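What follows is a set of notes on a single structure, which appears directly below.
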Amino acid sequence: MKKLLDRIALLARRWATYQRVRAELETYTDRELNDMGMSRADIARIALEAASLLKSQPKPTAEESAEESAALVRQRHFASR
């Protein structure tokens, strides 16, 4: 039962992270996105990637998990260039 609840909590955190990252990226102009090396078409993929980076662990605050995911996405995105 605990595993099920942990899995549900992880999915909820991933969904919240996806929504937060997507909402933040959608606030940028096309030029700002281009300066970061992405386009508007990349937003959903990047938000999904950020959410998938969350691992099962003790519950961080929603803000901490979003910041952690955003940092990992930036690191992964800019390391591939």
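Simple scheme: letters A, B, ... for chains in structure tokens order, numbers from 1 for residues in each chain, numbers from 1 for ligands in the order shown.
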(message) Which residues are close to Leu11 in chain A, i.e. within 10 Å by only C-alpha atoms, leaving aside same-chain residues fewer than 3 positions away? Reply as a list of chain:residue names.
(response)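 These residues fall inside the cut-off: A:Leu5, A:Asp6, A:Arg7, A:Ile8, A:Arg14, A:Trp15, A:Ala16, A:Thr17, A:Ala51, A:Ser52, A:Leu54, A:Lys55, A:Ser56.
For the set A:Leu33, A:Leu4, A:Val73, A:Ala23, the residue with the smallest atom-to-atom gap to Ile46 in chain A is A:Val73, counting only C-alpha atoms.
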(request) Figure out the distance between CA of Ala70 in chain A and CA of Glu26 in chain A, please, to one decimal in Å. (result)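 Computed distance, CA of Glu26 in chain A to CA of Ala70 in chain A, equals 14.0 Å.
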(message) Please compute the CA of Leu53 in chain A-CA of Leu72 in chain A distance, one decimal, in Å.
(response) 7.6 Å
(request) From the DSSP assignment of the backbone, select every residue of chain A that is helix (DSSP H, G or I), and format the answer as JSON, numbers by chain. (result) {"A": [2, 3, 4, 5, 6, 7, 8, 9, 10, 11, 12, 13, 14, 15, 16, 17, 18, 19, 20, 21, 22, 23, 24, 25, 26, 30, 31, 32, 33, 34, 35, 40, 41, 42, 43, 44, 45, 46, 47, 48, 49, 50, 51, 52, 62, 63, 64, 65, 66, 67, 68, 69, 70, 71, 72, 73, 74, 75, 76, 77, 78, 79]}
